[in-house]
Amino acid sequence: MPGLFSFLMPRCPDAPMPSTKMPPVATARTITRRAALAGMAAAGAVGALWPYTPRFRRSVPRGRIELTYWEKWTGREGLALQQVIDDFNASQSRSFVHLVPIGDIDAKAMVAIGGGDPPDLVGLYSYNVPGYAEARAVLPLDTFPAADRLAADAYLPGVRNLLWHEGRQWAGVNTCYTLALYYNKSLFRAADLDPQSPPRTISALDEAAQRLTTFDSQRRITQAGFLQNLPWWWPYLWPFLFGGSLYDESSAAATIDSPAGIASFEWLRASAARYGVAATRAYAAGYGRSMHSANDPFISAASAMIVQGPWLGNFIASLAPTLDYGVAPLPVADNLVDDSAPIGLLECDVLMIPRGCPHPQEAFDFLLYHQSQPVQERLAAAHFKPSPLARVSKNFMSTHPHPGIAAHEAIARSPRARVLPRTRTWKQYSDLTMSAFDAVWAGADPAVTLHDVARRAQALIDNAAAIRARRPA
């Protein structure tokens with residue numbers, strides 16, 4: 001998902017030739033030819049990117065070890081990261097990092113690793129960690145000298161859960177995000193709603209949404225109060241707001257069909273029926289290509305409330321700086337309200353070191369630099385995101401550019417922050433939730449639909465467990 005900002009181009013002195021000593025690593029090789037070929041098929045025409053010859057070679061001081069860092073971010077997000085890299089390159093005389101933007105990065109990275117020609121660093125999604133770790137496609141960070149400088153308690157508990165797998169740390173954090181409720185204060189005032197009191201419960205959200213939704217003479221929606229399918233990027237989010245879960249790690253069980261999960265999808269179906277399935281689908285489809293543009297439904301004031309990540313604040317700052325809006329934790333079932341411990345989803349982007357990369361120790365040195373508090377706070381602020389670290393500096397909140405960062409921080413630091421299932425099958429599981437959302441929105445029975453999702457997800461989880469049990473120790 002999005003993030004945001006940056007700057008450009010290196011500047012640094014010449015340096016002596018550094019050592020290329022490898023750190024001790026495990027010898028298990030479980031990236032099969034079949035996995036590599038499957039990744040190749042998913043990645044498409046990766047050959048043009050692989051092997052990669054770094055650009056800007058003329059600006060690299062003599063004697064530097066050159067590292068290739070693949071990352072999914074472009075635009076403002078990529079620019080912010082480039083500034084971090086520029087500062088790292090200038091801060092020492094051993095290595096020089098080249099940032100390379102890559103599309104479809106998780107598939108292409110696995111192809112490169114399986115083919116024996118990976119980059120030195122790769123920026124992936126936290127849901128990639130279990131699969132890459134179990135395939136031994138990346139190096140566990142505890143194999144490097146100075147690994148003790150990556151203190152587990154330096155991270156927020158939820159973020160730490162996303163970086164570790166099977167008792168070992170496999171990734172550093174890039175940035176983290178939470179999902180919150182964005183609401184238009186001007187539209188609240190026009191509907192005689194208090195702009196200082198966003199809805200805290202599902203029932204209050206429904207009431208406000210009805211007052212804020214308008215139709216034309218043909219019953220087409222002209223202004224949406226709140227629609228769960230706008231955007232529908234997180235169909236698995238809703239069970240959390242009713243006290244449900246997606247996965248029980250202790251029993252490795254899919255739990256989306258719990259009573260709370262079913263209640264959340266019953267709420268979705270009721271919302272679609274209230275405003276009209278066809279009308280809500282048509283309205284959402286009308287903004288399918290407009291998200292994060294001037295015609296974004298929230299930025300253009302076509303939708304009074306929307307669930308989004310902190311990056312939305314960055315787009316608002318550049319596209320509609322006078323928009324009067326607020327940000328609050330997501331509303332929850334009436335019996336779950338606790339403003340001191342909001343419920344919400346916490347996710348992060350991760351940085352990993354591929355197995356077989358040319359310069360693992362130098363890659364680890366950059367990763368260490370990247371995990372430092374000053375770097376993390378700088379990148380988080382540039383992306384309009386909360387900090388992934390347990391402690392923040394005195395100025396982080398007071399100087400943060402996002403006017404609603406307090407809500408995102410509160411969710412990230414809450415004991416009730418939820419993370420995605422720590423299973424390599426999550427991507428397939430999440431695809432099942434998308435189909436379920438669409439079916440229930442059209443009127444399908446929530447219990448029947450979610451029982452089917454849980455059954456199919458459980459088969460994926462069990463199959464992955466069987467494969468894991470057969471792998472070399």
# chains A, B, ... in the order shown; residues from 1 in each chain; ligands from 1
$ residues_around --residues "stretch 120-124 of chain A" --least-positions-apart "6" --cutoff "10 Å" --atoms "only C-alpha atoms" --output "PyMOL selection string"
chain A and resi 66-73+97-102+104-106+109+138+171-174+348-364+366-367
$ residues_around --residues "stretch 333-343 of chain A" --least-positions-apart "3" --cutoff "6 Å" --atoms "only C-alpha atoms" --output "PyMOL selection string"
chain A and resi 201-202+242+411+414+416-417
$ closest_atom_pairs --of "stretch 290-379 of chain A" --to "stretch 209-213 of chain A" --cutoff "12 Å" --atoms "only C-alpha atoms" --output "Markdown table"
| residue | atom | partner | partner_atom | distance |
| --- | --- | --- | --- | --- |
| A:Ala301 | CA | A:Leu212 | CA | 11.3 |
| A:Ala302 | CA | A:Thr213 | CA | 9.7 |
| A:Ser303 | CA | A:Thr213 | CA | 8.4 |
| A:Ala304 | CA | A:Leu212 | CA | 6.8 |
| A:Met305 | CA | A:Ala209 | CA | 7.9 |
| A:Ile306 | CA | A:Ala209 | CA | 10.5 |
$ residues_around --residues "A:Leu187" --least-positions-apart "2" --cutoff "12 Å" --atoms "only C-alpha atoms" --output "ChimeraX atom specification"
/A:183-185,189-195,198,208-209,211-214,223-225,298,300-305,323-326
$ residues_around --residues "stretch 443-445 of chain A" --least-positions-apart "3" --cutoff "10 Å" --atoms "only C-alpha atoms" --output "list in words"
Ile262, Phe265, Glu266, Leu268, Arg269, Ala270, Ala272, Ala273, Val277, Ala436, Phe437, Asp438, Ala439, Val440, Val448, Thr449 and Leu450 of chain A
$ select_by_dssp --residues "stretch 331-413 of chain A" --states "alpha helix (DSSP H)" --output "number ranges by chain"
A: 360-370, 373-382, 405-412
$ write_last_selection --atoms "C-alpha atoms" --output "mmCIF file, in the first residue's frame"
data_model
loop_
_atom_site.group_PDB
_atom_site.id
_atom_site.type_symbol
_atom_site.label_atom_id
_atom_site.label_comp_id
_atom_site.auth_asym_id
_atom_site.auth_seq_id
_atom_site.Cartn_x
_atom_site.Cartn_y
_atom_site.Cartn_z
ATOM 1 C CA PRO A 360 25.541 -9.569 2.658
ATOM 2 C CA GLN A 361 27.636 -7.902 5.357
ATOM 3 C CA GLU A 362 27.506 -4.512 3.706
ATOM 4 C CA ALA A 363 23.757 -4.990 3.177
ATOM 5 C CA PHE A 364 23.382 -5.682 6.893
ATOM 6 C CA ASP A 365 25.352 -2.535 7.710
ATOM 7 C CA PHE A 366 22.851 -0.497 5.691
ATOM 8 C CA LEU A 367 19.926 -2.304 7.325
ATOM 9 C CA LEU A 368 21.336 -1.426 10.755
ATOM 10 C CA TYR A 369 21.643 2.217 9.751
ATOM 11 C CA HIS A 370 18.101 2.127 8.396
ATOM 12 C CA GLN A 373 15.625 5.995 15.445
ATOM 13 C CA PRO A 374 16.616 9.178 13.548
ATOM 14 C CA VAL A 375 16.294 7.440 10.175
ATOM 15 C CA GLN A 376 13.016 5.732 11.034
ATOM 16 C CA GLU A 377 11.449 8.936 12.324
ATOM 17 C CA ARG A 378 12.612 10.899 9.316
ATOM 18 C CA LEU A 379 11.208 8.338 6.873
ATOM 19 C CA ALA A 380 7.963 7.969 8.841
ATOM 20 C CA ALA A 381 7.418 11.732 8.830
ATOM 21 C CA ALA A 382 8.178 11.992 5.101
ATOM 22 C CA ILE A 405 -1.001 11.387 13.080
ATOM 23 C CA ALA A 406 -2.154 11.017 16.702
ATOM 24 C CA ALA A 407 -4.933 8.631 15.632
ATOM 25 C CA HIS A 408 -2.558 6.472 13.607
ATOM 26 C CA GLU A 409 -0.024 6.437 16.449
ATOM 27 C CA ALA A 410 -2.704 5.492 18.979
ATOM 28 C CA ILE A 411 -3.682 2.454 16.918
ATOM 29 C CA ALA A 412 -0.057 1.416 16.318
#
$ closest_residue --among "A:Tyr236, A:Phe188, A:Phe144, A:Phe215" --to "A:Lys427" --atoms "only C-alpha atoms"
A:Tyr236
$ residues_around --residues "A:Pro235" --least-positions-apart "3" --cutoff "7 Å" --atoms "only C-alpha atoms" --output "NGL selection string"
:A and (232 or 238 or 433-434 or 437)
$ select_by_dssp --residues "stretch 68-317 of chain A" --states "strand (DSSP E or B)" --output "NGL selection string"
:A and (68-71 or 95-101 or 121-125 or 138 or 155 or 164-165 or 168-169 or 172-178 or 180-184 or 201 or 214-215 or 221-224 or 247-248 or 253-254 or 303 or 305-308)
$ write_last_selection --atoms "N, CA and C atoms" --output "tab-separated table (two decimals), in the first residue's frame"
chain	number	residue	atom	x	y	z
A	68	THR	N	23.03	-3.16	-4.59
A	68	THR	CA	21.79	-2.96	-5.32
A	68	THR	C	20.62	-3.21	-4.37
A	69	TYR	N	19.72	-2.24	-4.27
A	69	TYR	CA	18.58	-2.31	-3.36
A	69	TYR	C	17.31	-2.19	-4.20
A	70	TRP	N	16.54	-3.29	-4.29
A	70	TRP	CA	15.27	-3.29	-5.00
A	70	TRP	C	14.16	-2.82	-4.07
A	71	GLU	N	13.35	-1.90	-4.54
A	71	GLU	CA	12.25	-1.40	-3.70
A	71	GLU	C	11.02	-1.13	-4.57
A	95	SER	N	30.69	1.42	1.54
A	95	SER	CA	29.78	0.92	0.51
A	95	SER	C	28.94	2.05	-0.06
A	96	PHE	N	28.25	1.73	-1.16
A	96	PHE	CA	27.43	2.71	-1.86
A	96	PHE	C	26.18	2.00	-2.35
A	97	VAL	N	25.01	2.46	-1.90
A	97	VAL	CA	23.74	1.80	-2.20
A	97	VAL	C	23.08	2.46	-3.40
A	98	HIS	N	22.66	1.63	-4.36
A	98	HIS	CA	21.87	2.08	-5.51
A	98	HIS	C	20.43	1.63	-5.31
A	99	LEU	N	19.49	2.55	-5.35
A	99	LEU	CA	18.07	2.23	-5.23
A	99	LEU	C	17.48	1.97	-6.61
A	100	VAL	N	16.81	0.82	-6.75
A	100	VAL	CA	16.22	0.44	-8.03
A	100	VAL	C	14.73	0.16	-7.83
A	101	PRO	N	13.84	0.95	-8.44
A	101	PRO	CA	12.40	0.68	-8.32
A	101	PRO	C	12.01	-0.54	-9.15
A	121	LEU	N	19.70	-6.09	-1.27
A	121	LEU	CA	18.60	-5.77	-0.36
A	121	LEU	C	17.30	-5.74	-1.15
A	122	VAL	N	16.21	-6.10	-0.49
A	122	VAL	CA	14.92	-6.06	-1.17
A	122	VAL	C	13.87	-5.58	-0.18
A	123	GLY	N	13.05	-4.62	-0.64
A	123	GLY	CA	11.95	-4.11	0.18
A	123	GLY	C	10.65	-4.82	-0.19
A	124	LEU	N	10.10	-5.57	0.76
A	124	LEU	CA	8.90	-6.36	0.50
A	124	LEU	C	7.80	-5.97	1.47
A	125	TYR	N	6.76	-6.78	1.52
A	125	TYR	CA	5.63	-6.58	2.41
A	125	TYR	C	5.76	-7.54	3.60
A	138	VAL	N	15.82	-15.65	2.23
A	138	VAL	CA	16.50	-14.51	2.82
A	138	VAL	C	17.32	-14.97	4.02
A	155	TYR	N	11.24	-2.25	18.82
A	155	TYR	CA	10.08	-2.15	17.93
A	155	TYR	C	8.77	-2.18	18.72
A	164	TRP	N	9.49	-11.04	12.82
A	164	TRP	CA	10.00	-12.33	13.32
A	164	TRP	C	9.16	-13.47	12.76
A	165	HIS	N	9.77	-14.62	12.60
A	165	HIS	CA	9.04	-15.83	12.20
A	165	HIS	C	9.79	-17.03	12.77
A	168	ARG	N	12.85	-16.18	14.96
A	168	ARG	CA	14.03	-15.48	14.45
A	168	ARG	C	13.60	-14.23	13.69
A	169	GLN	N	14.47	-13.23	13.70
A	169	GLN	CA	14.19	-12.01	12.95
A	169	GLN	C	14.74	-12.16	11.53
A	172	GLY	N	14.10	-6.17	8.66
A	172	GLY	CA	14.01	-4.90	9.34
A	172	GLY	C	12.74	-4.21	8.86
A	173	VAL	N	12.35	-3.18	9.57
A	173	VAL	CA	11.15	-2.46	9.17
A	173	VAL	C	11.52	-1.33	8.23
A	174	ASN	N	10.68	-1.09	7.25
A	174	ASN	CA	10.84	0.09	6.38
A	174	ASN	C	9.98	1.21	6.96
A	175	THR	N	8.68	1.08	6.85
A	175	THR	CA	7.74	1.97	7.52
A	175	THR	C	6.56	1.13	7.96
A	176	CYS	N	5.76	1.67	8.87
A	176	CYS	CA	4.54	0.96	9.26
A	176	CYS	C	3.34	1.88	9.02
A	177	TYR	N	2.16	1.29	9.00
A	177	TYR	CA	0.96	2.09	8.84
A	177	TYR	C	-0.19	1.45	9.60
A	178	THR	N	-1.18	2.25	9.91
A	178	THR	CA	-2.43	1.77	10.48
A	178	THR	C	-3.57	2.34	9.64
A	180	ALA	N	-7.29	4.13	9.59
A	180	ALA	CA	-8.10	4.98	10.45
A	180	ALA	C	-9.29	5.52	9.67
A	181	LEU	N	-10.19	6.17	10.38
A	181	LEU	CA	-11.37	6.79	9.77
A	181	LEU	C	-11.06	8.25	9.47
A	182	TYR	N	-11.10	8.62	8.20
A	182	TYR	CA	-10.97	10.01	7.78
A	182	TYR	C	-12.37	10.57	7.57
A	183	TYR	N	-12.62	11.76	8.11
A	183	TYR	CA	-13.96	12.34	7.97
A	183	TYR	C	-13.86	13.83	7.63
A	184	ASN	N	-14.80	14.29	6.82
A	184	ASN	CA	-14.84	15.65	6.33
A	184	ASN	C	-15.62	16.51	7.33
A	201	THR	N	-18.63	4.19	17.48
A	201	THR	CA	-19.26	2.88	17.43
A	201	THR	C	-19.81	2.62	16.04
A	214	THR	N	-26.49	11.22	0.06
A	214	THR	CA	-27.53	11.86	-0.75
A	214	THR	C	-27.69	11.13	-2.09
A	215	PHE	N	-28.88	11.25	-2.67
A	215	PHE	CA	-29.21	10.58	-3.93
A	215	PHE	C	-29.81	11.58	-4.91
A	221	ILE	N	-26.34	7.49	-6.05
A	221	ILE	CA	-25.68	8.18	-4.93
A	221	ILE	C	-24.91	9.38	-5.47
A	222	THR	N	-25.16	10.53	-4.88
A	222	THR	CA	-24.43	11.75	-5.27
A	222	THR	C	-23.38	12.12	-4.23
A	223	GLN	N	-23.60	11.72	-2.99
A	223	GLN	CA	-22.59	11.89	-1.94
A	223	GLN	C	-22.70	10.70	-1.01
A	224	ALA	N	-21.58	10.05	-0.76
A	224	ALA	CA	-21.57	8.89	0.13
A	224	ALA	C	-21.23	9.33	1.55
A	247	TYR	N	-7.06	-15.47	12.26
A	247	TYR	CA	-6.14	-16.61	12.37
A	247	TYR	C	-5.76	-16.81	13.84
A	248	ASP	N	-5.80	-18.04	14.29
A	248	ASP	CA	-5.32	-18.40	15.63
A	248	ASP	C	-3.97	-19.06	15.47
A	253	ALA	N	-5.20	-22.06	12.91
A	253	ALA	CA	-6.56	-22.21	12.41
A	253	ALA	C	-7.09	-20.91	11.81
A	254	ALA	N	-7.76	-21.00	10.67
A	254	ALA	CA	-8.46	-19.86	10.09
A	254	ALA	C	-9.72	-19.60	10.91
A	303	SER	N	-17.15	11.78	-0.74
A	303	SER	CA	-17.43	10.85	0.35
A	303	SER	C	-17.07	11.54	1.66
A	305	MET	N	-16.82	10.15	4.69
A	305	MET	CA	-15.96	9.34	5.56
A	305	MET	C	-15.35	8.21	4.73
A	306	ILE	N	-14.15	7.82	5.08
A	306	ILE	CA	-13.48	6.75	4.37
A	306	ILE	C	-12.43	6.11	5.28
A	307	VAL	N	-12.20	4.83	5.13
A	307	VAL	CA	-11.11	4.15	5.83
A	307	VAL	C	-9.87	4.22	4.94
A	308	GLN	N	-8.78	4.77	5.50
A	308	GLN	CA	-7.56	4.89	4.72
A	308	GLN	C	-6.34	4.86	5.64
$ atom_distance --atom1 "atom CA of A:Leu163" --atom2 "atom CA of A:Pro386"
16.8 Å
$ atom_distance --atom1 "atom CA of A:Ala154" --atom2 "atom CA of A:Arg391"
7.2 Å
